[in-house]
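As provided, work_26.csv (CSV, C-alpha atoms) reads as follows.
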chain,number,residue,atom,x,y,z
A,1,MET,CA,111.2,-9.9,-59.0
A,2,VAL,CA,107.4,-9.8,-59.4
A,3,VAL,CA,105.4,-8.4,-56.6
A,4,ARG,CA,101.8,-9.4,-56.3
A,5,LEU,CA,99.0,-8.3,-54.1
A,6,ASP,CA,97.2,-11.3,-52.8
A,7,GLY,CA,93.9,-10.3,-51.2
A,8,ALA,CA,94.1,-13.1,-48.7
A,9,SER,CA,97.7,-12.7,-47.5
A,10,GLY,CA,99.0,-9.3,-48.6
A,11,LEU,CA,102.1,-8.7,-50.7
A,12,ASP,CA,104.3,-11.5,-51.8
A,13,ASP,CA,107.5,-11.7,-54.0
A,14,GLY,CA,106.0,-14.1,-56.5
A,15,SER,CA,107.6,-17.2,-54.9
A,16,GLY,CA,105.4,-17.1,-51.8
A,17,GLY,CA,107.8,-15.1,-49.6
A,18,PRO,CA,107.2,-11.6,-48.3
A,19,ALA,CA,108.1,-8.8,-50.6
A,20,THR,CA,111.0,-6.6,-49.6
A,21,LEU,CA,109.9,-3.0,-49.8
A,22,VAL,CA,113.1,-1.0,-49.8
A,23,GLY,CA,112.9,0.3,-53.4
A,24,GLN,CA,112.6,4.0,-54.2
A,25,SER,CA,108.9,3.8,-54.5
A,26,ALA,CA,108.1,2.2,-51.2
A,27,ALA,CA,106.8,4.2,-48.3
A,28,LYS,CA,109.6,4.4,-45.7
A,29,ALA,CA,107.3,5.7,-42.9
A,30,HIS,CA,103.6,6.0,-42.4
A,31,ALA,CA,101.3,6.4,-39.4
A,32,THR,CA,97.9,7.3,-38.2
A,33,PHE,CA,97.6,9.6,-35.2
A,34,GLU,CA,95.3,11.7,-33.1
A,35,ASN,CA,96.0,14.7,-31.0
A,36,SER,CA,92.6,15.4,-29.4
A,37,GLY,CA,92.2,13.9,-26.0
A,38,THR,CA,94.7,11.1,-25.6
A,39,VAL,CA,97.7,11.6,-28.0
A,40,SER,CA,98.4,8.4,-29.9
A,41,ILE,CA,100.4,7.3,-32.9
A,42,SER,CA,101.0,4.0,-34.6
A,43,GLY,CA,102.7,3.0,-37.9
A,44,LEU,CA,105.9,2.1,-39.6
A,45,ASN,CA,109.3,3.8,-38.8
A,46,VAL,CA,107.7,6.3,-36.3
A,47,SER,CA,109.1,6.4,-32.8
A,48,SER,CA,106.9,9.0,-31.2
A,49,MET,CA,104.8,12.1,-31.5
A,50,ASP,CA,105.3,15.2,-29.4
A,51,ASP,CA,102.1,17.2,-28.8
A,52,THR,CA,103.4,20.8,-28.8
A,53,GLY,CA,100.1,22.6,-28.6
A,54,THR,CA,96.6,22.8,-30.1
A,55,GLY,CA,96.8,21.5,-33.6
A,56,ASP,CA,100.6,21.3,-33.5
A,57,ALA,CA,102.8,18.2,-33.1
A,58,ASN,CA,106.2,16.8,-34.0
A,59,ILE,CA,106.5,13.4,-35.6
A,60,ASN,CA,109.8,11.6,-34.9
A,61,PHE,CA,111.2,8.8,-37.1
A,62,THR,CA,112.8,5.7,-35.8
A,63,SER,CA,115.3,5.7,-38.7
A,64,ALA,CA,116.0,9.1,-40.1
A,65,PHE,CA,115.9,10.0,-43.8
A,66,ALA,CA,119.1,10.7,-45.6
A,67,ALA,CA,118.1,14.4,-45.9
A,68,ALA,CA,115.1,16.6,-45.5
A,69,ASP,CA,114.0,16.0,-49.1
A,70,TYR,CA,111.5,13.2,-48.6
A,71,SER,CA,108.0,13.4,-49.9
A,72,LEU,CA,105.1,13.7,-47.4
A,73,SER,CA,101.4,13.3,-48.0
A,74,GLY,CA,98.8,13.5,-45.2
A,75,VAL,CA,95.1,13.7,-44.3
A,76,ALA,CA,93.2,14.9,-41.3
A,77,GLY,CA,89.6,14.7,-40.2
A,78,GLU,CA,87.0,14.2,-37.5
A,79,THR,CA,85.1,11.1,-36.6
A,80,THR,CA,82.1,12.9,-35.3
A,81,GLY,CA,80.5,15.9,-36.9
A,82,GLY,CA,83.5,18.2,-36.5
A,83,GLY,CA,83.7,19.1,-40.2
A,84,GLN,CA,86.6,19.2,-42.6
A,85,ARG,CA,90.2,19.5,-41.4
A,86,LEU,CA,93.4,20.6,-43.1
A,87,TRP,CA,96.9,19.0,-42.7
A,88,GLY,CA,100.2,20.9,-43.2
A,89,VAL,CA,103.9,20.6,-42.5
A,90,ARG,CA,105.9,23.3,-40.8
A,91,GLY,CA,108.7,24.6,-43.1
A,92,SER,CA,112.4,23.9,-42.7
A,93,GLY,CA,112.9,27.5,-41.5
A,94,SER,CA,111.4,26.6,-38.1
A,95,ALA,CA,113.6,24.9,-35.5
A,96,ASP,CA,111.3,21.8,-35.4
A,97,GLY,CA,110.1,22.0,-39.0
A,98,TYR,CA,111.0,19.7,-41.9
A,99,LEU,CA,114.1,17.7,-40.8
A,100,ALA,CA,115.6,14.4,-41.7
A,101,ALA,CA,114.7,12.8,-38.3
A,102,SER,CA,111.4,14.4,-37.8
A,103,PHE,CA,108.8,16.9,-39.1
A,104,GLY,CA,106.4,19.3,-37.6
A,105,VAL,CA,102.7,19.0,-38.5
A,106,CYS,CA,99.8,21.3,-38.0
A,107,THR,CA,96.1,20.5,-38.2
A,108,LEU,CA,93.6,23.3,-38.9
A,109,ASN,CA,89.9,23.8,-39.4
A,110,THR,CA,88.7,25.3,-42.6
A,111,SER,CA,88.9,28.8,-41.1
A,112,GLY,CA,92.7,28.3,-40.8
A,113,THR,CA,92.6,28.0,-37.0
A,114,LEU,CA,94.9,25.4,-35.4
A,115,THR,CA,92.7,22.6,-34.0
A,116,ASP,CA,93.3,19.1,-32.6
A,117,VAL,CA,91.9,16.2,-34.7
A,118,ASP,CA,90.4,12.8,-34.0
A,119,VAL,CA,92.2,11.1,-36.9
A,120,ALA,CA,95.1,12.0,-39.2
A,121,GLY,CA,97.7,10.1,-41.1
A,122,PHE,CA,100.7,10.5,-43.4
A,123,SER,CA,103.1,8.6,-45.7
A,124,ALA,CA,106.7,9.5,-46.3
A,125,MET,CA,108.8,8.4,-49.2
A,126,GLY,CA,112.5,8.9,-49.8
A,127,ASP,CA,115.9,7.5,-49.0
A,128,LEU,CA,116.7,6.5,-45.4
A,129,ALA,CA,120.1,7.4,-44.0
Would you mind writing the file out in structure tokens?
Amino acid sequence: MVVRLDGASGLDDGSGGPATLVGQSAAKAHATFENSGTVSISGLNVSSMDDTGTGDANINFTSAFAAADYSLSGVAGETTGGGQRLWGVRGSGSADGYLAASFGVCTLNTSGTLTDVDVAGFSAMGDLA
């Protein structure tokens, strides 16, 4: 199968139909979220976000990964003059850290203090259960 990116209509499978993105290299979950003011999250394979404190949240997957060995990448920032922000994942040693069905995320300012952010996002790649 050939997958093409058509600027007008998105991904297609080479015969005009939608591409099936279940291969090893396809993102199995991604989302954008904010945890300052109104907590909100939207994306693919994400059921909810639990705001567990300033700069601290749990992201819950709709369909769990096969194991807690998926790859995560993320970004965090501010939309108005708030400066740079850092994004990190809580380790698997914590009760709500890096799990197959969810992960804990922290957002920090450049001084290392937990802080809520206006905009953040992540992608997760791996095998679903």
Have a look at CA of Asp118 (chain A) and CA of Val46 (chain A) and let me know their distance in Å, one decimal.
-> 18.6 Å
In terms of the shortest atom-to-atom distance over only C-alpha atoms, which of A:Thr110, A:Thr62, A:Ser123, A:Ser102 is closest to Gly77 (chain A)?
-> A:Thr110
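Closest approach to Glu34 (chain A) among A:Ser73, A:Asn109, A:Thr79, A:Asn60: A:Thr79, based on only C-alpha atoms.
Between Thr32 (chain A) and the residues A:Ala67, A:Leu128, A:Leu114, A:Ile59, the shortest atom-to-atom distance, using only C-alpha atoms, involves A:Ile59.
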Can you work out which one of A:Arg90, A:Val39, A:Phe61, A:His30 has the shortest atom-to-atom distance to Met125 (chain A), counting all atoms listed in the file?
-> A:His30
Could you put an axis-aligned box around every listed atom of region 75-81 of chain A, padded by 3 Å on each side, and send me its centre and edge lengths in Å to one decimal, as lines of an AutoDock Vina configuration file?
center_x = 87.8
center_y = 13.5
center_z = -39.8
size_x = 20.6
size_y = 10.8
size_z = 15.0
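Comparing the minimum interatomic distances between Gly53 (chain A) and each of A:Glu78, A:Asp116, A:Asp127, A:Asp69, counting all atoms listed in the file, we find that A:Asp116 sits nearest.
In this model, the gap between CA of Asp50 (chain A) and CA of Ala101 (chain A) comes to 13.2 Å.
The spacing separating CA of Ser63 (chain A) from CA of Leu108 (chain A) amounts to 27.9 Å.
Among the candidates A:Cys106, A:Val75, A:Ala129, A:Ala64, the residue lying nearest to Ala31 (chain A) is A:Val75 (atoms considered: all atoms listed in the file).
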Got a sec to check which residues sit within 12 Å of (106.9, 20.5, -40.9), counting all atoms listed in the file, and write them as a PyMOL selection string?
-> chain A and resi 56-60+68-74+87-107
